[in-house]
Every structure is written in structure tokens, then in C-alpha cells.
file model_33.cif (mmCIF, C-alpha atoms)
data_entry
#
loop_
_atom_site.label_atom_id
_atom_site.label_comp_id
_atom_site.auth_asym_id
_atom_site.auth_seq_id
_atom_site.Cartn_x
_atom_site.Cartn_y
_atom_site.Cartn_z
CA MET H 1 48.46 9.03 13.38
CA CYS H 2 45.58 6.63 13.83
CA THR H 3 44.23 5.98 10.33
CA HIS H 4 40.76 5.12 11.58
CA CYS H 5 39.77 8.44 13.00
CA GLY H 6 42.73 10.69 12.35
CA CYS H 7 43.67 11.10 16.00
CA SER H 8 47.28 11.99 16.58
CA ASP H 9 49.51 10.17 19.01
CA ASP H 10 52.40 12.59 18.57
CA ALA H 11 53.33 14.75 21.51
CA THR H 12 51.48 12.50 23.93
CA PRO H 13 50.55 14.18 27.20
CA THR H 14 52.44 12.92 30.24
CA VAL H 15 51.94 13.06 33.99
CA THR H 16 54.90 13.24 36.39
CA ASP H 17 54.83 12.49 40.13
CA LEU H 18 57.25 14.99 41.69
CA GLN H 19 57.55 12.83 44.82
CA SER H 20 58.89 9.75 43.02
CA GLY H 21 60.09 11.39 39.81
CA GLN H 22 58.11 8.82 37.80
CA THR H 23 56.57 9.86 34.44
CA ALA H 24 53.73 8.06 32.66
CA PRO H 25 51.63 8.80 29.57
CA ALA H 26 48.32 10.58 30.22
CA PRO H 27 45.82 9.45 27.59
CA VAL H 28 43.66 12.11 25.99
CA VAL H 29 39.91 11.80 25.73
CA HIS H 30 39.09 9.37 22.99
CA VAL H 31 35.87 7.73 21.93
CA HIS H 32 37.24 4.35 20.95
CA GLU H 33 39.88 1.90 22.08
CA HIS H 34 42.56 1.29 19.51
CA GLY H 35 42.07 -1.95 17.64
CA HIS H 36 38.77 -0.67 16.30
CA ASP H 37 36.70 -3.76 16.88
CA HIS H 38 33.28 -2.18 17.02
CA ASP H 39 30.63 -4.71 18.03
CA HIS H 40 27.33 -2.94 17.73
CA ALA H 41 23.96 -4.60 18.06
CA GLN H 42 22.21 -4.61 14.70
CA ASP H 43 19.35 -2.53 15.98
CA HIS H 44 20.88 0.35 17.89
CA GLY H 45 17.97 2.72 17.76
CA GLN H 46 19.41 5.15 15.22
CA ALA H 47 17.10 6.73 12.69
CA HIS H 48 18.08 5.79 9.15
CA VAL H 49 16.74 7.84 6.27
CA HIS H 50 17.54 6.95 2.69
CA ALA H 51 18.12 9.87 0.33
CA HIS H 52 20.22 10.70 -2.74
CA GLY H 53 21.71 7.21 -2.93
CA GLY H 54 23.29 7.53 0.52
CA THR H 55 21.92 6.67 3.92
CA THR H 56 21.41 9.49 6.37
CA ILE H 57 22.02 8.56 9.98
CA ARG H 58 20.67 10.98 12.55
CA LEU H 59 23.09 11.19 15.47
CA ASP H 60 22.21 14.26 17.57
CA GLN H 61 25.36 13.59 19.54
CA GLN H 62 27.12 16.12 21.78
CA ILE H 63 30.69 16.45 20.54
CA LEU H 64 32.06 16.82 24.07
CA ALA H 65 29.96 13.96 25.50
CA LYS H 66 32.97 11.76 26.19
CA ASN H 67 34.86 14.43 28.13
CA ASN H 68 31.71 15.30 30.05
CA ARG H 69 31.20 11.66 31.04
CA LEU H 70 34.77 11.37 32.29
CA ALA H 71 34.39 14.68 34.15
CA GLU H 72 31.37 13.27 35.97
CA ARG H 73 33.44 10.24 36.90
CA ASN H 74 36.11 12.53 38.39
CA ARG H 75 33.37 14.50 40.16
CA GLY H 76 32.04 11.32 41.77
CA TRP H 77 35.56 10.36 42.78
CA PHE H 78 36.02 13.73 44.53
CA LEU H 79 32.61 13.42 46.14
CA GLY H 80 33.39 9.96 47.53
CA ARG H 81 36.52 11.35 49.19
CA ASN H 82 34.89 14.61 50.27
CA ILE H 83 37.53 16.53 48.32
CA VAL H 84 37.02 20.15 47.21
CA ALA H 85 38.57 20.37 43.73
CA LEU H 86 39.15 23.78 42.17
CA ASN H 87 40.13 24.42 38.56
CA LEU H 88 42.38 27.50 38.50
CA VAL H 89 42.25 29.24 35.14
CA SER H 90 43.94 32.38 33.83
CA ALA H 91 46.04 33.91 31.09
CA PRO H 92 49.77 33.12 31.25
CA GLY H 93 51.59 35.30 33.77
CA SER H 94 48.62 36.29 35.95
CA GLY H 95 50.29 34.90 39.07
CA LYS H 96 48.49 31.55 39.49
CA THR H 97 51.54 29.67 40.68
CA THR H 98 52.63 32.50 43.02
CA LEU H 99 49.12 32.56 44.50
CA LEU H 100 49.24 28.78 45.00
CA GLU H 101 52.67 28.94 46.65
CA ARG H 102 51.43 31.62 49.03
CA THR H 103 48.20 29.72 49.77
CA LEU H 104 50.17 26.56 50.54
CA ARG H 105 52.49 28.44 52.89
CA ASP H 106 49.67 30.27 54.67
CA LEU H 107 47.10 27.44 54.87
CA GLY H 108 49.21 24.29 54.53
CA GLY H 109 49.09 23.61 58.29
CA GLU H 110 45.32 23.99 58.45
CA VAL H 111 44.05 22.61 55.12
CA PRO H 112 45.57 19.61 53.34
CA ILE H 113 46.17 21.03 49.83
CA GLN H 114 47.46 18.94 46.92
CA VAL H 115 48.17 20.23 43.46
CA VAL H 116 47.82 19.09 39.86
CA GLU H 117 49.91 21.33 37.60
CA GLY H 118 49.07 21.65 33.91
CA ASP H 119 51.50 23.11 31.38
CA GLN H 120 52.42 22.31 27.82
CA ALA H 121 55.98 21.58 28.93
CA THR H 122 58.48 21.64 31.85
CA LEU H 123 58.28 20.65 35.51
CA ASN H 124 59.05 24.25 36.59
CA ASP H 125 55.72 25.03 38.27
CA ALA H 126 55.52 21.64 40.00
CA ARG H 127 59.01 22.19 41.43
CA ARG H 128 57.88 25.57 42.82
CA ILE H 129 54.84 23.95 44.45
CA GLN H 130 56.99 21.18 45.86
CA ALA H 131 59.39 23.76 47.32
CA ALA H 132 56.40 25.44 48.97
CA GLY H 133 55.60 22.14 50.71
CA GLY H 134 52.81 20.81 48.48
CA LYS H 135 52.35 17.28 47.14
CA VAL H 136 52.11 17.73 43.38
CA VAL H 137 51.90 15.98 40.02
CA GLN H 138 52.68 17.74 36.76
CA ILE H 139 50.66 17.06 33.62
CA ASN H 140 52.44 18.13 30.45
CA THR H 141 49.90 18.42 27.67
CA GLY H 142 52.45 18.40 24.84
CA ALA H 143 50.63 19.97 21.91
CA GLY H 144 47.43 20.46 23.94
CA CYS H 145 46.19 23.88 25.03
CA HIS H 146 44.08 22.68 28.00
CA LEU H 147 43.64 19.86 30.49
CA ASP H 148 40.82 17.43 29.80
CA ALA H 149 38.97 15.07 32.11
CA ALA H 150 40.98 11.99 31.03
CA MET H 151 44.32 13.70 31.75
CA LEU H 152 43.08 14.81 35.16
CA GLY H 153 41.83 11.30 35.93
CA ARG H 154 45.31 9.94 35.24
CA GLY H 155 46.89 12.70 37.33
CA LEU H 156 44.57 11.94 40.25
CA GLN H 157 45.49 8.25 40.20
CA MET H 158 49.12 9.25 40.61
CA LEU H 159 48.50 12.03 43.15
CA ASP H 160 46.12 9.91 45.26
CA PRO H 161 44.92 12.82 47.41
CA PRO H 162 43.55 11.90 50.87
CA ALA H 163 39.92 12.27 51.98
CA ASP H 164 38.79 15.74 53.13
CA SER H 165 41.61 17.50 51.26
CA VAL H 166 41.61 20.32 48.71
CA VAL H 167 42.90 19.60 45.19
CA MET H 168 44.03 22.67 43.26
CA ILE H 169 44.21 22.05 39.53
CA GLU H 170 46.36 24.69 37.85
CA ASN H 171 45.17 24.60 34.26
CA VAL H 172 47.27 25.58 31.24
CA GLY H 173 47.57 29.40 31.08
CA ASN H 174 44.88 30.09 28.48
CA LEU H 175 41.59 31.96 28.78
CA VAL H 176 39.89 30.22 25.86
CA CYS H 177 40.10 26.44 25.62
CA PRO H 178 39.90 25.37 29.30
CA ALA H 179 36.44 27.00 29.49
CA LEU H 180 35.06 24.21 27.29
CA PHE H 181 36.46 21.22 29.14
CA ASP H 182 34.81 20.22 32.39
CA LEU H 183 37.29 18.35 34.58
CA GLY H 184 34.82 17.39 37.31
CA GLU H 185 35.86 20.26 39.58
CA ARG H 186 33.63 21.94 42.19
CA ALA H 187 34.31 25.35 40.66
CA LYS H 188 36.54 27.27 38.31
CA VAL H 189 38.47 30.10 39.96
CA LEU H 190 39.64 32.70 37.46
CA ILE H 191 42.80 34.64 38.27
CA ALA H 192 42.98 37.96 36.46
CA SER H 193 45.56 40.67 37.12
CA VAL H 194 45.67 44.45 36.83
CA THR H 195 48.62 44.21 34.41
CA GLU H 196 46.18 42.74 31.87
CA GLY H 197 43.52 44.83 30.15
CA ASP H 198 40.36 45.76 32.08
CA ASP H 199 38.33 44.55 29.07
CA LYS H 200 39.36 40.90 29.60
CA PRO H 201 35.80 39.89 30.66
CA ILE H 202 34.33 40.68 27.23
CA LYS H 203 37.43 39.54 25.34
CA TYR H 204 37.23 36.12 27.00
CA PRO H 205 33.55 35.91 27.99
CA HIS H 206 33.32 32.11 28.04
CA MET H 207 35.82 31.79 30.84
CA PHE H 208 34.26 34.57 32.90
CA ARG H 209 30.87 32.95 32.38
CA ALA H 210 32.11 29.50 33.44
CA SER H 211 33.86 30.67 36.63
CA ALA H 212 32.52 30.91 40.19
CA LEU H 213 35.07 33.40 41.55
CA VAL H 214 37.47 36.00 40.17
CA LEU H 215 40.67 36.79 42.03
CA LEU H 216 41.95 40.13 40.73
CA ASN H 217 45.66 39.74 41.42
CA LYS H 218 48.59 42.21 41.56
CA ILE H 219 46.24 44.78 43.10
CA ASP H 220 49.32 46.43 44.69
CA LEU H 221 50.33 47.53 41.17
CA LEU H 222 47.05 49.37 40.56
CA PRO H 223 48.55 52.88 41.10
CA HIS H 224 51.17 52.18 38.40
CA VAL H 225 49.00 50.80 35.57
CA SER H 226 46.06 52.11 33.56
CA PHE H 227 43.60 49.48 34.77
CA ASP H 228 40.07 50.80 35.39
CA ARG H 229 38.80 48.69 38.30
CA ALA H 230 35.20 49.99 37.95
CA ARG H 231 35.09 49.21 34.22
CA PHE H 232 36.42 45.70 34.88
CA ALA H 233 33.65 45.13 37.45
CA GLU H 234 30.97 46.44 35.09
CA LEU H 235 32.16 44.16 32.24
CA VAL H 236 32.26 41.18 34.62
CA ARG H 237 28.64 42.00 35.54
CA GLN H 238 27.62 42.02 31.87
CA VAL H 239 29.14 38.60 31.26
CA ASN H 240 28.25 36.95 34.57
CA PRO H 241 26.13 39.13 36.90
CA THR H 242 26.60 37.00 40.03
CA LEU H 243 30.37 36.47 39.73
CA PRO H 244 32.18 37.78 42.85
CA ILE H 245 35.52 39.58 42.51
CA LEU H 246 38.15 39.55 45.27
CA ASP H 247 41.08 41.98 45.00
CA VAL H 248 44.30 40.27 46.04
CA SER H 249 48.07 40.56 45.89
CA ALA H 250 49.76 37.19 46.05
CA THR H 251 53.13 38.83 46.70
CA ARG H 252 52.14 41.49 49.27
CA GLY H 253 49.26 39.57 50.86
CA ASP H 254 46.40 42.07 50.28
CA GLY H 255 42.97 40.45 50.31
CA LEU H 256 44.24 36.92 50.82
CA ALA H 257 42.17 36.58 54.01
CA ASP H 258 39.05 36.90 51.82
CA TRP H 259 40.31 34.19 49.46
CA TYR H 260 41.05 31.88 52.38
CA ALA H 261 37.59 32.59 53.83
CA TRP H 262 36.03 31.63 50.47
CA LEU H 263 38.08 28.41 50.49
CA ARG H 264 37.04 27.56 54.07
CA ASP H 265 33.42 28.21 53.12
CA GLN H 266 33.71 25.73 50.22
CA ARG H 267 35.04 23.09 52.62
CA ALA H 268 32.28 23.81 55.11
CA ARG H 269 29.62 23.10 52.46
CA PRO H 270 30.33 19.58 51.23
CA GLU H 271 28.50 18.44 48.12
CA ARG H 272 26.06 15.61 48.62
CA LEU H 273 25.83 12.54 46.43
CA LEU H 274 22.05 12.64 46.57
CA GLU H 275 20.31 15.92 47.22
CA MET U 1 43.49 25.92 18.98
CA HIS U 2 40.96 23.62 20.59
CA GLU U 3 39.17 23.31 17.24
CA LEU U 4 41.70 20.62 16.28
CA GLY U 5 40.74 18.50 19.29
CA ILE U 6 37.05 19.18 18.69
CA THR U 7 37.39 18.14 15.04
CA GLN U 8 39.26 14.97 16.03
CA GLU U 9 36.33 14.18 18.33
CA ILE U 10 33.89 14.78 15.45
CA VAL U 11 35.82 12.46 13.12
CA ALA U 12 36.12 9.77 15.80
CA ILE U 13 32.38 9.84 16.57
CA VAL U 14 31.50 9.86 12.87
CA SER U 15 33.85 6.95 12.09
CA GLU U 16 32.38 4.92 14.91
CA HIS U 17 28.81 5.43 13.75
CA ALA U 18 29.69 4.80 10.08
CA ARG U 19 30.53 1.18 11.00
CA GLY U 20 32.85 0.63 8.07
CA ALA U 21 30.84 2.56 5.47
CA ARG U 22 32.17 5.51 3.47
CA VAL U 23 30.98 8.82 4.92
CA THR U 24 29.91 11.37 2.31
CA ARG U 25 28.39 14.13 4.42
CA VAL U 26 28.63 15.34 8.03
CA VAL U 27 26.22 17.91 9.47
CA VAL U 28 27.40 19.71 12.59
CA GLU U 29 25.55 22.34 14.64
CA ILE U 30 27.71 25.02 16.23
CA GLY U 31 26.09 27.75 18.29
CA THR U 32 27.45 31.26 17.71
CA LEU U 33 27.89 31.73 21.47
CA THR U 34 30.35 28.82 21.79
CA ALA U 35 34.09 29.45 21.67
CA ILE U 36 34.34 27.39 18.49
CA LEU U 37 35.27 28.97 15.18
CA PRO U 38 33.43 27.18 12.33
CA ASP U 39 36.16 28.16 9.83
CA ALA U 40 38.82 26.56 12.01
CA VAL U 41 36.76 23.35 12.30
CA ALA U 42 36.32 23.29 8.52
CA PHE U 43 40.07 23.79 8.08
CA CYS U 44 40.89 20.95 10.50
CA PHE U 45 38.24 18.62 9.06
CA ASP U 46 40.12 17.91 5.81
CA LEU U 47 43.31 17.21 7.75
CA CYS U 48 41.63 15.02 10.37
CA THR U 49 39.65 12.93 7.89
CA GLU U 50 42.68 12.08 5.76
CA GLY U 51 42.97 8.30 5.53
CA THR U 52 39.70 7.74 7.40
CA LEU U 53 36.22 6.60 6.36
CA ALA U 54 35.24 10.26 6.23
CA GLU U 55 37.98 11.35 3.81
CA GLY U 56 36.45 13.58 1.15
CA ALA U 57 33.16 13.92 3.06
CA LYS U 58 31.32 17.23 2.79
CA LEU U 59 31.18 19.11 6.08
CA GLU U 60 28.08 21.23 6.63
CA ILE U 61 28.20 23.54 9.60
CA VAL U 62 24.87 24.94 10.74
CA ALA U 63 25.36 28.10 12.80
CA ILE U 64 22.75 28.51 15.54
CA PRO U 65 22.26 32.19 16.47
CA GLY U 66 22.31 33.24 20.12
CA ARG U 67 19.02 33.98 21.87
CA ALA U 68 18.32 34.80 25.50
CA ARG U 69 15.45 35.67 27.84
CA CYS U 70 15.84 38.42 30.42
CA ARG U 71 15.12 37.09 33.91
CA GLN U 72 14.10 40.58 35.05
CA CYS U 73 11.54 41.68 32.45
CA GLY U 74 10.96 38.46 30.50
CA ASN U 75 11.91 40.05 27.18
CA GLU U 76 13.49 37.78 24.56
CA ILE U 77 16.57 39.19 22.80
CA ALA U 78 19.10 38.18 20.15
CA LEU U 79 22.65 37.76 21.44
CA ALA U 80 25.47 38.50 19.01
CA HIS U 81 28.17 37.89 21.67
CA PRO U 82 28.32 35.67 24.72
CA TRP U 83 27.39 38.65 26.92
CA GLY U 84 24.96 41.50 26.71
CA LEU U 85 22.36 43.69 28.35
CA CYS U 86 18.61 43.62 27.98
CA ALA U 87 16.96 46.92 27.00
CA CYS U 88 15.81 47.12 30.66
CA GLY U 89 19.49 47.26 31.76
CA SER U 90 19.66 43.78 33.28
CA ALA U 91 22.54 41.41 32.51
CA ASP U 92 20.72 38.50 34.11
CA LEU U 93 20.01 36.52 30.95
CA GLU U 94 18.91 32.95 30.47
CA TRP U 95 20.48 31.59 27.30
CA LEU U 96 17.94 29.86 25.08
CA ALA U 97 20.07 29.05 22.02
CA GLY U 98 23.62 29.47 20.73
CA GLU U 99 25.54 26.97 22.87
CA GLU U 100 25.03 23.96 20.56
CA LEU U 101 27.99 21.74 19.77
CA LYS U 102 26.51 18.70 18.18
CA ILE U 103 26.82 16.24 15.31
CA LYS U 104 23.36 16.38 13.78
CA GLU U 105 23.58 13.66 11.14
CA ILE U 106 25.88 11.86 8.74
CA GLU U 107 25.35 10.40 5.31
CA VAL U 108 27.03 7.12 4.41
CA LEU U 109 27.23 5.09 1.19
#

call {"tool": "encode", "arguments": {"input": "model_33.cif", "output": "C-alpha cells"}}
result
Amino acid sequence: MCTHCGCSDDATPTVTDLQSGQTAPAPVVHVHEHGHDHDHAQDHGQAHVHAHGGTTIRLDQQILAKNNRLAERNRGWFLGRNIVALNLVSAPGSGKTTLLERTLRDLGGEVPIQVVEGDQATLNDARRIQAAGGKVVQINTGAGCHLDAAMLGRGLQMLDPPADSVVMIENVGNLVCPALFDLGERAKVLIASVTEGDDKPIKYPHMFRASALVLLNKIDLLPHVSFDRARFAELVRQVNPTLPILDVSATRGDGLADWYAWLRDQRARPERLLE
Amino acid sequence: MHELGITQEIVAIVSEHARGARVTRVVVEIGTLTAILPDAVAFCFDLCTEGTLAEGAKLEIVAIPGRARCRQCGNEIALAHPWGLCACGSADLEWLAGEELKIKEIEVL
């Protein structure tokens, strides 16, 4: 543990290149370099107010400022290479990896897709993606419950995706924490499934609010589960009224043409550096 | 879970701005519409400050209630959750307050 700020260096995140088998540490977002030599100018514009024997320093600082800055750096990096980066978020077991495998097999010849896998541990998902023909790096977050912009930056260095490609970032299966951490992606795509509750949108409103598309997976199981599709849609509307929902089955193939059309549309509308 | 990481960020930012001085008080604003539990931050704060300049500092968390304006009828409403409907039935709400996640000020000796 760093005694200056209390940060932990146990369970350091790592990033593994499945092509070479090489593993390297993936630093987490941190506001200072270790060594702690802080050279500030004497007058740094902070308001100092003296009260009760102590000095009050007004900071007004966003707690996530550092991650947001690094996310913008990733965003610029994607923009420079004309890469569409999507942050795939979901609860564990919603079928993210199966959907990615299927997408790679169906679109791999048409769209260059590369993958960043995020999990607390194991290379299992990355191996599945590799078997489906995708170039992939695996980030293991260790104790972490989400990817952050610094981890993704390290993963991208290793993955080195080519210009005009699509980078799919499979975040840690978790509908809470990844909503807070911008990675620099074009959009978050939320994968829900009918084997989860139809009240997920109001149980995990932050993620539904932060996402640009919902893929409602395992739609082939709808006759066998008590999932109310209309209620789900109404709750999605209450949390995020413009959020589109596409019904899909990653195993049977239902609705995947719509997902691929959405993906092609994203590629057809490149972001501009200066609007 | 992410409150630990958030609290580590708070302590790191505070330690940097303290520039070697003992920190006695930290004021943080957390909007009630964020996915941050103030109790969890308070719990992590004592652990994260151990052995740092902010050890023993008093943490004050100011909760900012959620407020939104309806884009359909212009009505301003209080938001208890990060979703909701205006009395006119619209869910098209512009959030005005409740998303804050900020270190307001610190007190040093």
C-alpha cells in the first residue's frame, strides 16, 4: 500500500496479448506518479480561507476528472484511426461473449473487429474470441469491478488495432460500476437477457441511462420464462426515453441482422475531430 | 464496490492538494442520483486515509438532491431515483442536479 495516498498495489490489473501470450501490468487510474515529488508553483490560484485555526482550501474538483481525461485521450486515439469503439456492458451471464463470437463469425470477413476482454480473472473469454477468429487482448482487473480508461489505454497499446476497424470492449460483467467510468468509447451497448428480471432498467438505471443501444438477448427463451417484454420496454422508456431495444438471440440468430445494421450505420457515420 | 476506488481517488487528490500539511477536514458533494453510496465512501475513507496526511480527518458528505426539468411541459420536479415521470406523463427529463461527484474543499493545519 502506498502510504502517501492509501492506494493499493495488491492485485494489480494485467493485460495479456493472446497472440503472443505476453502479460504486462495495466496501471490503474492514479493522480500522481509514485515518488511523490510535487512541485507546485507557489501561487496556484486556489482560494485559501482561514478559519478555526486551520486553512480551508476550496478545490471544487471532479473526483473522476483523471479517468475522464484519460478517456478523452483514448477517444482522440480512436478518432485519429477512424475506429468505432463500443463498450459492451451487461450483468454476468447475459451472453456478451456468445454474441461477440457470433458477430465475429458472421461479420469477420466484412468488418475488421478486434476485441478487448475485461474480467476479474482468467483468459477464458479471450480464448473463446481467439477461437472465433478475433484478435484479442485480455485485461484482468484483479480486485477491480470495472475497466477504467488507463487499463483500456494499456490494452490498446498491446492490441494495436488497425485504422477503420471496430474495437469491441467487453467490460466486466457488472451493471453498476462500469456506468461511471468513461473509457473513450463511441457508445455503450447494453446486453440484457430475458432470463434476467424485466425490472432491470429501474434496478440498474445508471447503466440504462448511459447506454446508446439495448440488445435484449436470449429472445428464443421468451416462451419459457416469465419475462414481460412490454413492461421491460416501458421501464427502459422511463429511464432513457430514446434508448432503442433490439430483440436478439445470439445462439439462434434472431434479430442479429438488425444489430449488424446498427453496427454498419455506426461505421458509416464517422466522428469528426472538429465539428 | 466502486466506492473503494472512488475513495482512493478522493484521498489521492486531497493528499496532493495538502502539499505536506495535515488534513483535518474533507468536504465532498455526492448527488443522490449518482451510483455512489455515501455510507460506503465513509466506510472506505478511514481505511484509505490510514498512514496518509488525511488520517483522522473528518469527512463531511453533502448530499445533493435530484432535480429535473420536463422537456415536454417545462415543469420542474424532484427526482428521488435516477428515473421518473413528470406529472404530464413524459419521461424526457433534463437533469438539473443530483449528479455531483466533487471534492468541495479541504481544511489543513

call {"tool": "residues_around", "arguments": {"input": "model_33.cif", "residues": "segment 150-153 of chain H", "least_positions_apart": "4", "cutoff": "9 Å", "atoms": "all atoms listed in the file", "output": "MDAnalysis selection string"}}
result
chainID H and resid 13:15 26:30 67 70:71 73:74 116 139 141 157:158 169 183:184

call {"tool": "resolve_selection", "arguments": {"input": "model_33.cif", "expression": "the PyMOL selection byres ((chain U and resi 87-89) around 9)", "output": "JSON list (two decimals) with C-alpha atoms, in the frame of the given file"}}
result
[["chain", "number", "residue", "atom", "x", "y", "z"],
["U", 70, "CYS", "CA", 15.84, 38.42, 30.42],
["U", 72, "GLN", "CA", 14.10, 40.58, 35.05],
["U", 73, "CYS", "CA", 11.54, 41.68, 32.45],
["U", 75, "ASN", "CA", 11.91, 40.05, 27.18],
["U", 77, "ILE", "CA", 16.57, 39.19, 22.80],
["U", 85, "LEU", "CA", 22.36, 43.69, 28.35],
["U", 86, "CYS", "CA", 18.61, 43.62, 27.98],
["U", 90, "SER", "CA", 19.66, 43.78, 33.28],
["U", 91, "ALA", "CA", 22.54, 41.41, 32.51]]

call {"tool": "closest_residue", "arguments": {"input": "model_33.cif", "among": "H:Ile129, H:Ala121, H:Leu99, H:Ile63", "to": "Leu256 of chain H", "atoms": "all atoms listed in the file"}}
result
H:Leu99

call {"tool": "closest_residue", "arguments": {"input": "model_33.cif", "among": "H:Lys96, H:Lys135, H:Arg127, H:His206", "to": "Thr32 of chain U", "atoms": "all atoms listed in the file"}}
result
H:His206

call {"tool": "atom_distance", "arguments": {"input": "model_33.cif", "atom1": "atom CA of Leu79 of chain H", "atom2": "atom CA of Ala268 of chain H"}}
result
13.7 Å

call {"tool": "resolve_selection", "arguments": {"input": "model_33.cif", "expression": "the PyMOL selection byres ((chain H and resi 83) around 12)", "output": "NGL selection string"}}
result
:H and (74-82 or 84-86 or 111-114 or 156 or 160-168 or 184-186 or 266-272)

call {"tool": "residues_near_point", "arguments": {"input": "model_33.cif", "point": "(27.9, 33.1, 22.2)", "cutoff": "7 Å", "atoms": "all atoms listed in the file", "output": "VMD selection string"}}
result
chain U and resid 31 to 34 66 80 to 82 98 to 99

call {"tool": "axis_aligned_box", "arguments": {"input": "model_33.cif", "around": "segment 16-29 of chain U", "padding_each_side": "6 Å", "output": "lines of an AutoDock Vina configuration file"}}
result
center_x = 29.2
center_y = 11.5
center_z = 8.6
size_x = 19.3
size_y = 33.7
size_z = 24.6

call {"tool": "interface_residues", "arguments": {"input": "model_33.cif", "of": "chain U", "to": "chain H", "cutoff": "7 Å", "atoms": "all atoms listed in the file", "output": "PyMOL selection string"}}
result
chain U and resi 1-2+8-13+15+35+48-52+82-85+91-92+101-109

call {"tool": "residues_around", "arguments": {"input": "model_33.cif", "residues": "Ala78 of chain U", "least_positions_apart": "6", "cutoff": "8 Å", "atoms": "all atoms listed in the file", "output": "PyMOL selection string"}}
result
chain U and resi 65-68

call {"tool": "write_last_selection", "arguments": {"input": "model_33.cif", "atoms": "C-alpha atoms", "output": "PDB file, in the coordinates of the input"}}
result
ATOM      1  CA  PRO U  65      22.260  32.190  16.470  1.00  0.00           C
ATOM      2  CA  GLY U  66      22.310  33.240  20.120  1.00  0.00           C
ATOM      3  CA  ARG U  67      19.020  33.980  21.870  1.00  0.00           C
ATOM      4  CA  ALA U  68      18.320  34.800  25.500  1.00  0.00           C
TER       5      ALA U  68
END

call {"tool": "atom_distance", "arguments": {"input": "model_33.cif", "atom1": "atom CA of Pro38 of chain U", "atom2": "atom CA of Asn174 of chain H"}}
result
20.0 Å

call {"tool": "atom_distance", "arguments": {"input": "model_33.cif", "atom1": "atom CA of Thr195 of chain H", "atom2": "atom CA of Val225 of chain H"}}
result
6.7 Å

call {"tool": "closest_residue", "arguments": {"input": "model_33.cif", "among": "H:Ile245, H:Ala257, H:Val89, H:Leu175", "to": "Ile191 of chain H", "atoms": "all atoms listed in the file"}}
result
H:Val89

call {"tool": "resolve_selection", "arguments": {"input": "model_33.cif", "expression": "the PyMOL selection byres ((chain U and resi 61) around 6)", "output": "ChimeraX atom specification"}}
result
/U:27-29,60,62

call {"tool": "decode", "arguments": {"input": "model_33.cif", "residues": "segment 28-71 of chain U", "atoms": "C-alpha atoms", "output": "compact mmCIF listing (two decimals), in the first residue's frame"}}
result
# COMPACT_ATOMS: atom_id res chain seq x y z
CA VAL U 28 -17.35 16.03 -0.60
CA GLU U 29 -20.51 16.59 -2.62
CA ILE U 30 -22.33 13.47 -3.78
CA GLY U 31 -25.52 13.78 -5.79
CA THR U 32 -28.31 11.39 -4.81
CA LEU U 33 -28.72 10.34 -8.46
CA THR U 34 -25.15 9.02 -8.73
CA ALA U 35 -24.42 5.34 -8.18
CA ILE U 36 -22.30 6.21 -5.16
CA LEU U 37 -23.34 5.20 -1.66
CA PRO U 38 -22.21 7.88 0.84
CA ASP U 39 -22.09 5.31 3.67
CA ALA U 40 -19.73 3.12 1.67
CA VAL U 41 -17.46 6.10 0.93
CA ALA U 42 -17.43 6.99 4.63
CA PHE U 43 -16.57 3.38 5.49
CA CYS U 44 -13.71 3.30 2.96
CA PHE U 45 -12.41 6.75 3.95
CA ASP U 46 -10.98 5.64 7.30
CA LEU U 47 -9.26 2.67 5.66
CA CYS U 48 -7.89 4.66 2.72
CA THR U 49 -6.55 7.53 4.82
CA GLU U 50 -4.62 5.27 7.19
CA GLY U 51 -0.97 6.33 7.16
CA THR U 52 -1.66 9.33 4.93
CA LEU U 53 -1.77 13.09 5.51
CA ALA U 54 -5.53 12.76 5.82
CA GLU U 55 -5.51 10.13 8.58
CA GLY U 56 -8.04 11.12 11.23
CA ALA U 57 -9.58 13.83 9.01
CA LYS U 58 -13.31 14.44 9.34
CA LEU U 59 -15.23 13.52 6.20
CA GLU U 60 -18.33 15.61 5.50
CA ILE U 61 -20.55 14.34 2.73
CA VAL U 62 -23.06 16.82 1.36
CA ALA U 63 -25.92 15.02 -0.39
CA ILE U 64 -27.31 16.97 -3.35
CA PRO U 65 -30.95 16.05 -4.04
CA GLY U 66 -32.04 15.19 -7.58
CA ARG U 67 -33.94 17.78 -9.60
CA ALA U 68 -35.09 17.71 -13.22
CA ARG U 69 -36.99 19.80 -15.77
CA CYS U 70 -39.51 18.17 -18.08
CA ARG U 71 -38.63 18.86 -21.71
